[in-house]
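What follows is start.cif (mmCIF, C-alpha atoms and all ligand atoms).
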```
data_coords
#
loop_
_atom_site.label_atom_id
_atom_site.label_comp_id
_atom_site.auth_asym_id
_atom_site.auth_seq_id
_atom_site.Cartn_x
_atom_site.Cartn_y
_atom_site.Cartn_z
CA MET A 1 1.49 22.52 7.32
CA PRO A 2 2.94 20.21 10.00
CA SER A 3 6.30 18.48 9.65
CA TYR A 4 5.81 14.82 8.79
CA THR A 5 7.92 11.79 9.74
CA LEU A 6 7.03 8.41 8.32
CA HIS A 7 8.45 5.52 10.37
CA TYR A 8 8.74 2.11 8.70
CA PHE A 9 11.16 -0.65 7.81
CA ASN A 10 13.28 -0.34 4.67
CA HIS A 11 10.48 -1.78 2.52
CA ARG A 12 7.73 -0.42 0.31
CA GLY A 13 5.19 -2.69 2.03
CA ARG A 14 2.48 -1.02 4.04
CA ALA A 15 4.10 2.44 3.94
CA GLU A 16 4.36 2.89 0.20
CA ILE A 17 0.84 4.30 -0.16
CA CYS A 18 1.85 7.19 2.15
CA ARG A 19 5.08 7.77 0.23
CA MET A 20 3.07 7.90 -3.01
CA LEU A 21 0.63 10.39 -1.49
CA PHE A 22 3.51 12.64 -0.37
CA ALA A 23 4.98 12.43 -3.88
CA ALA A 24 1.64 13.16 -5.59
CA ALA A 25 1.17 16.22 -3.35
CA GLY A 26 4.78 17.34 -3.70
CA VAL A 27 5.08 17.51 0.11
CA GLN A 28 8.41 16.97 1.90
CA TYR A 29 8.64 14.47 4.76
CA ASN A 30 11.22 12.59 6.75
CA ASP A 31 11.25 9.01 5.44
CA ARG A 32 12.64 7.25 8.52
CA ARG A 33 13.63 3.68 7.59
CA ILE A 34 14.35 1.39 10.52
CA GLU A 35 16.65 -1.62 10.30
CA SER A 36 15.12 -4.85 11.57
CA SER A 37 18.09 -5.09 13.99
CA GLU A 38 16.86 -1.86 15.66
CA TRP A 39 13.28 -3.03 15.93
CA ASP A 40 13.39 -5.03 19.18
CA SER A 41 14.46 -1.95 21.11
CA MET A 42 11.89 0.26 19.39
CA ARG A 43 8.76 -1.88 19.32
CA ASN A 44 7.38 -0.75 22.67
CA LYS A 45 7.71 2.92 21.74
CA MET A 46 5.33 2.51 18.79
CA PRO A 47 1.59 2.81 19.29
CA CYS A 48 0.17 -0.69 18.59
CA HIS A 49 3.83 -1.89 18.71
CA MET A 50 3.85 -1.92 14.93
CA MET A 51 4.81 0.19 11.94
CA PRO A 52 4.19 2.09 9.78
CA MET A 53 3.52 5.11 11.95
CA LEU A 54 3.08 8.72 10.90
CA GLU A 55 4.28 11.45 13.24
CA LEU A 56 3.20 15.07 12.96
CA ASP A 57 5.40 17.84 14.36
CA ASN A 58 7.33 15.20 16.39
CA ARG A 59 4.26 15.03 18.65
CA THR A 60 1.09 13.47 17.27
CA GLN A 61 1.40 9.81 16.33
CA ILE A 62 -0.95 8.05 13.90
CA PRO A 63 -0.60 4.25 13.61
CA GLN A 64 -2.32 1.92 11.08
CA SER A 65 -1.31 2.39 7.46
CA MET A 66 -4.79 2.94 6.07
CA ALA A 67 -5.71 5.52 8.73
CA MET A 68 -2.47 7.33 7.93
CA ALA A 69 -3.12 7.18 4.19
CA ARG A 70 -6.70 8.43 4.56
CA TYR A 71 -5.50 11.32 6.71
CA LEU A 72 -2.91 12.33 4.11
CA ALA A 73 -5.34 11.80 1.23
CA ARG A 74 -7.83 14.16 2.89
CA GLU A 75 -5.13 16.73 3.66
CA PHE A 76 -3.75 16.67 0.10
CA GLY A 77 -7.01 16.30 -1.87
CA PHE A 78 -6.78 12.67 -2.98
CA HIS A 79 -9.80 11.30 -1.11
CA GLY A 80 -12.91 12.43 -3.02
CA ARG A 81 -15.00 15.57 -2.68
CA ASN A 82 -17.87 14.38 -0.47
CA ASN A 83 -18.80 11.62 1.94
CA MET A 84 -20.10 9.31 -0.80
CA GLU A 85 -16.98 9.74 -2.93
CA MET A 86 -14.82 9.12 0.13
CA ALA A 87 -16.73 5.92 0.85
CA ARG A 88 -15.97 4.72 -2.68
CA VAL A 89 -12.29 5.64 -2.39
CA ASP A 90 -12.25 3.84 0.98
CA PHE A 91 -13.80 0.57 -0.14
CA ILE A 92 -11.57 0.38 -3.21
CA SER A 93 -8.47 1.15 -1.13
CA ASP A 94 -9.47 -1.42 1.49
CA CYS A 95 -10.00 -4.07 -1.19
CA PHE A 96 -6.44 -3.55 -2.40
CA TYR A 97 -5.23 -3.48 1.20
CA ASP A 98 -6.71 -6.97 1.69
CA ILE A 99 -4.55 -8.20 -1.20
CA LEU A 100 -1.45 -6.41 0.13
CA ASP A 101 -2.05 -7.71 3.65
CA ASP A 102 -2.46 -11.34 2.58
CA TYR A 103 0.60 -11.05 0.35
CA MET A 104 2.76 -9.61 3.15
CA ARG A 105 1.68 -12.37 5.53
CA MET A 106 3.07 -14.98 3.15
CA TYR A 107 6.58 -13.56 3.47
CA PHE A 108 6.98 -11.92 6.87
CA ASP A 109 6.76 -13.19 10.40
CA GLY A 110 5.41 -11.11 13.28
CA ASN A 111 8.74 -9.32 13.62
CA CYS A 112 8.69 -8.18 10.03
CA ARG A 113 11.49 -10.58 9.25
CA MET A 114 11.37 -12.43 5.98
CA MET A 115 10.69 -16.12 6.36
CA PHE A 116 11.47 -17.70 3.01
CA GLN A 117 12.79 -20.74 4.83
CA ARG A 118 9.48 -21.37 6.47
CA SER A 119 7.42 -20.36 3.49
CA ARG A 120 9.03 -23.15 1.44
CA ASP A 121 8.21 -26.08 3.60
CA THR A 122 5.35 -25.57 6.03
CA SER A 123 1.68 -26.16 5.41
CA SER A 124 0.88 -22.83 7.02
CA SER A 125 2.69 -21.03 4.18
CA SER A 126 0.71 -22.87 1.52
CA GLU A 127 -2.44 -22.03 3.46
CA LYS A 128 -1.36 -18.41 3.37
CA ARG A 129 -0.78 -18.63 -0.37
CA MET A 130 -4.20 -20.17 -0.92
CA ARG A 131 -5.75 -17.41 1.13
CA PHE A 132 -3.92 -14.77 -0.92
CA GLN A 133 -5.06 -16.38 -4.17
CA GLU A 134 -8.64 -16.60 -2.95
CA THR A 135 -8.52 -12.91 -1.95
CA CYS A 136 -7.35 -12.00 -5.47
CA ARG A 137 -10.14 -14.10 -7.03
CA ARG A 138 -12.65 -12.39 -4.76
CA ILE A 139 -11.46 -8.84 -5.26
CA LEU A 140 -9.94 -8.35 -8.72
CA PRO A 141 -13.12 -9.03 -10.78
CA PHE A 142 -15.02 -6.67 -8.48
CA MET A 143 -12.35 -3.97 -8.89
CA GLU A 144 -12.42 -4.35 -12.69
CA ARG A 145 -16.21 -3.84 -12.66
CA THR A 146 -15.93 -0.92 -10.20
CA LEU A 147 -13.39 0.82 -12.42
CA GLU A 148 -15.68 0.41 -15.45
CA MET A 149 -18.46 2.32 -13.68
CA TYR A 150 -16.75 5.67 -14.37
CA SER A 151 -15.94 6.57 -18.00
CA GLY A 152 -15.99 2.88 -18.93
CA GLY A 153 -12.81 2.44 -16.92
CA SER A 154 -10.69 4.56 -19.26
CA GLN A 155 -9.62 7.06 -16.57
CA TYR A 156 -9.20 6.67 -12.80
CA PHE A 157 -11.49 5.04 -10.20
CA MET A 158 -13.10 8.45 -9.54
CA GLY A 159 -13.05 9.70 -13.13
CA ASP A 160 -10.48 12.22 -14.29
CA GLN A 161 -8.80 12.78 -10.89
CA MET A 162 -6.25 10.34 -9.49
CA THR A 163 -7.01 9.43 -5.86
CA MET A 164 -5.60 7.24 -3.14
CA ALA A 165 -7.66 4.34 -4.60
CA ASP A 166 -5.61 4.37 -7.83
CA MET A 167 -2.36 4.57 -5.89
CA MET A 168 -3.42 1.56 -3.81
CA CYS A 169 -4.12 -0.36 -7.02
CA TYR A 170 -0.56 0.42 -8.04
CA CYS A 171 1.35 -0.33 -4.85
CA ALA A 172 -0.63 -3.32 -3.55
CA LEU A 173 -0.04 -5.24 -6.79
CA GLU A 174 3.63 -4.42 -7.32
CA ASN A 175 5.15 -7.56 -5.78
CA PRO A 176 2.36 -9.95 -6.79
CA LEU A 177 2.89 -8.82 -10.41
CA MET A 178 6.66 -9.33 -10.18
CA GLU A 179 5.93 -12.87 -9.06
CA GLU A 180 3.21 -13.53 -11.60
CA PRO A 181 3.34 -11.02 -14.47
CA SER A 182 0.15 -12.43 -16.05
CA MET A 183 -2.00 -12.03 -12.94
CA LEU A 184 -3.92 -9.09 -14.48
CA SER A 185 -4.37 -10.64 -17.93
CA SER A 186 -8.12 -11.06 -17.29
CA TYR A 187 -8.33 -7.51 -15.92
CA PRO A 188 -7.17 -5.22 -18.74
CA LYS A 189 -8.75 -2.08 -17.26
CA LEU A 190 -6.84 -2.52 -14.00
CA MET A 191 -3.64 -3.15 -15.93
CA ALA A 192 -4.17 0.05 -17.95
CA LEU A 193 -5.00 1.97 -14.77
CA ARG A 194 -1.70 0.92 -13.19
CA ASN A 195 0.11 2.22 -16.28
CA ARG A 196 -1.81 5.49 -15.99
CA VAL A 197 -0.69 5.87 -12.37
CA MET A 198 2.89 4.97 -13.33
CA ASN A 199 2.88 7.63 -16.08
CA HIS A 200 1.23 10.35 -13.99
CA SER A 201 3.72 13.23 -13.98
CA LYS A 202 4.27 13.29 -10.19
CA MET A 203 4.27 9.50 -9.88
CA SER A 204 6.67 8.74 -12.70
CA SER A 205 9.39 10.97 -11.28
CA TYR A 206 8.85 9.51 -7.79
CA LEU A 207 8.90 5.91 -9.06
CA GLN A 208 12.15 6.53 -10.89
CA ARG A 209 13.98 8.06 -7.95
CA ARG A 210 12.61 6.06 -4.98
CA CYS A 211 14.74 3.57 -2.97
CA ARG A 212 14.89 0.15 -4.58
CA THR A 213 13.83 -2.56 -2.14
CA GLU A 214 12.66 -6.14 -2.62
CA PHE A 215 9.30 -5.63 -0.89
N1 LIG B 301 -2.76 -3.20 10.24
C1 LIG B 301 -1.43 -2.69 10.40
C2 LIG B 301 -0.46 -3.82 10.27
C3 LIG B 301 0.93 -3.35 10.60
C4 LIG B 301 1.96 -4.45 10.51
O1 LIG B 301 1.66 -5.66 10.39
N2 LIG B 301 3.23 -4.03 10.58
C5 LIG B 301 4.34 -4.93 10.55
C6 LIG B 301 5.30 -4.53 9.43
S1 LIG B 301 4.57 -4.56 7.83
C7 LIG B 301 5.11 -4.77 11.85
O2 LIG B 301 5.20 -3.69 12.39
N3 LIG B 301 5.70 -5.86 12.34
C8 LIG B 301 6.58 -5.81 13.44
C9 LIG B 301 6.11 -6.56 14.65
O3 LIG B 301 4.99 -7.10 14.63
O4 LIG B 301 6.88 -6.64 15.61
C10 LIG B 301 -1.17 -1.60 9.36
O5 LIG B 301 -1.70 -1.70 8.25
O6 LIG B 301 -0.45 -0.64 9.65
#
```

Reformat the file's structure so that it appears as structure tokens.
Amino acid sequence: MPSYTLHYFNHRGRAEICRMLFAAAGVQYNDRRIESSEWDSMRNKMPCHMMPMLELDNRTQIPQSMAMARYLAREFGFHGRNNMEMARVDFISDCFYDILDDYMRMYFDGNCRMMFQRSRDTSSSSEKRMRFQETCRRILPFMERTLEMYSGGSQYFMGDQMTMADMMCYCALENPLMEEPSMLSSYPKLMALRNRVMNHSKMSSYLQRRCRTEF
């Protein structure tokens, strides 16, 4: 197994899915958290000039959070057993990524700096909020129906095995739910799924011991 280094800011954000996959697999990694004050001098060294980035054996660099997560999910057995199952895990994960992405854009500028100031009083921030809300309206009912397709929605998205799709449902909705605790009231199966992920033996110990950050 290679040595893994995960590079990201000191947030859950777009890297948390990888941290959850490492925890679910019980695999050690170097969780390199970069201060925003360090970022200007580091940006050009990152592929795509963005983070997160996953580095293998201090040599191979994989940018783009979902590509990283898919790679780890395949390595650790959380990405379905065949091409069709992987396609289902992928579209579910990408649906939750759309929510996460729109949510992050409401709060961070291009330099990954929080912009509460701007988000309070510009029309662009309310446009971003409307876009986020529209994304939730578009995706959450579809995800509730998709979950119901296996075992009536009483287990995980792929049945009895937790996959990356369930972890995405957990981490993409963390901050939105803190902001609006009732946002899943019309989606009881998704709510119950998140509790299932939270109580999964590997996840619950990770969630209790992980770094506490606002995002
Ligand atoms: N599609 C990319 C988006 C990455 C992204 O937007 N990263 C932000 C932090 S969450 C970043 O690196 N911002 C710093 C910058 O743009 O200078 C992914 O999912 O990895």

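Taking CA of Phe157 (chain A) and CA of Ile92 (chain A) as the two end points, the separation is 8.4 Å.
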
Ligand LIG 301 (chain B) neighbours within 8 Å using all atoms listed in the file, as a ChimeraX atom specification:
/A:8-9,13-15,39-40,43,49-53,63-66,101,104,108-112

CA of Leu140 (chain A) and CA of Tyr187 (chain A) are how many Å apart?
7.4 Å

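Distances here use only C-alpha atoms; by that measure, the residue among A:Lys202, A:Pro176, A:Leu147, A:Cys169 closest to Lys189 (chain A) is A:Leu147.
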
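Taking CA of Thr163 (chain A) and CA of Ser151 (chain A) as endpoints, the distance between them is 15.3 Å.
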
Which residue, A:Asn175, A:Thr213, A:Gln133, A:Asn83, has the smallest gap to Asn10 (chain A) when you use all atoms listed in the file?
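For Asn10 (chain A), the nearest of the given residues is A:Thr213.
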
Shell of 9 Å around Asp90 (chain A), all atoms listed in the file, local chain residues under 2 positions omitted, as a PDB file with C-alpha atoms, in the coordinates of the input:
```
ATOM      1  CA  ARG A  70      -6.700   8.430   4.560  1.00  0.00           C
ATOM      2  CA  HIS A  79      -9.800  11.300  -1.110  1.00  0.00           C
ATOM      3  CA  GLU A  85     -16.980   9.740  -2.930  1.00  0.00           C
ATOM      4  CA  MET A  86     -14.820   9.120   0.130  1.00  0.00           C
ATOM      5  CA  ALA A  87     -16.730   5.920   0.850  1.00  0.00           C
ATOM      6  CA  ARG A  88     -15.970   4.720  -2.680  1.00  0.00           C
ATOM      7  CA  ILE A  92     -11.570   0.380  -3.210  1.00  0.00           C
ATOM      8  CA  SER A  93      -8.470   1.150  -1.130  1.00  0.00           C
ATOM      9  CA  ASP A  94      -9.470  -1.420   1.490  1.00  0.00           C
ATOM     10  CA  CYS A  95     -10.000  -4.070  -1.190  1.00  0.00           C
ATOM     11  CA  MET A 164      -5.600   7.240  -3.140  1.00  0.00           C
ATOM     12  CA  ALA A 165      -7.660   4.340  -4.600  1.00  0.00           C
TER      13      ALA A 165
END
```

So, with all atoms listed in the file as the atoms that count, which of A:Gly159, A:Cys136, A:Glu127, A:Asp102 lies closest to Met183 (chain A)?
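With all atoms listed in the file as the atom set, the closest residue is A:Cys136.
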
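Nearest to Ser3 (chain A) of all the residues A:Leu54, A:Ile62, A:Met46, A:Met84 is A:Leu54, counting all atoms listed in the file.
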
Spatial neighbours of Glu174 (chain A), max dist 10 Å, all atoms listed in the file, sep filter under 5 positions, as an MDAnalysis selection string
chainID A and resid 12:13 100 168:169 179 181 194 215

Among A:Phe91, A:Tyr170, A:Phe78, A:Tyr206, Arg19 (chain A) is approached most closely, using all atoms listed in the file, by A:Tyr206

Expected residue set, 12 Å radius at (-11.1, 5.3, -15.6), all atoms listed in the file, as an NGL selection string:
:A and (143-163 or 165-166 or 188-197)

Expected axis-aligned box over every listed atom of region 22-27 of chain A, 6 Å added per side, centre plus edges in Å to one decimal, as lines of an AutoDock Vina configuration file:
```
center_x = 3.1
center_y = 15.0
center_z = -2.7
size_x = 15.9
size_y = 17.1
size_z = 17.7
```

Quick one: everything within 12 Å of Val27 (chain A), counting all atoms listed in the file, minus sequence neighbours fewer than 4 positions away in the same chain. Send it as a ChimeraX atom specification.
/A:1-5,18-23,31,72-73,75-76,202,206

Using only C-alpha atoms, the shortest atom-to-atom distance to Thr60 (chain A) among A:Cys211, A:Ala172, A:Met167, A:Leu6 belongs to A:Leu6
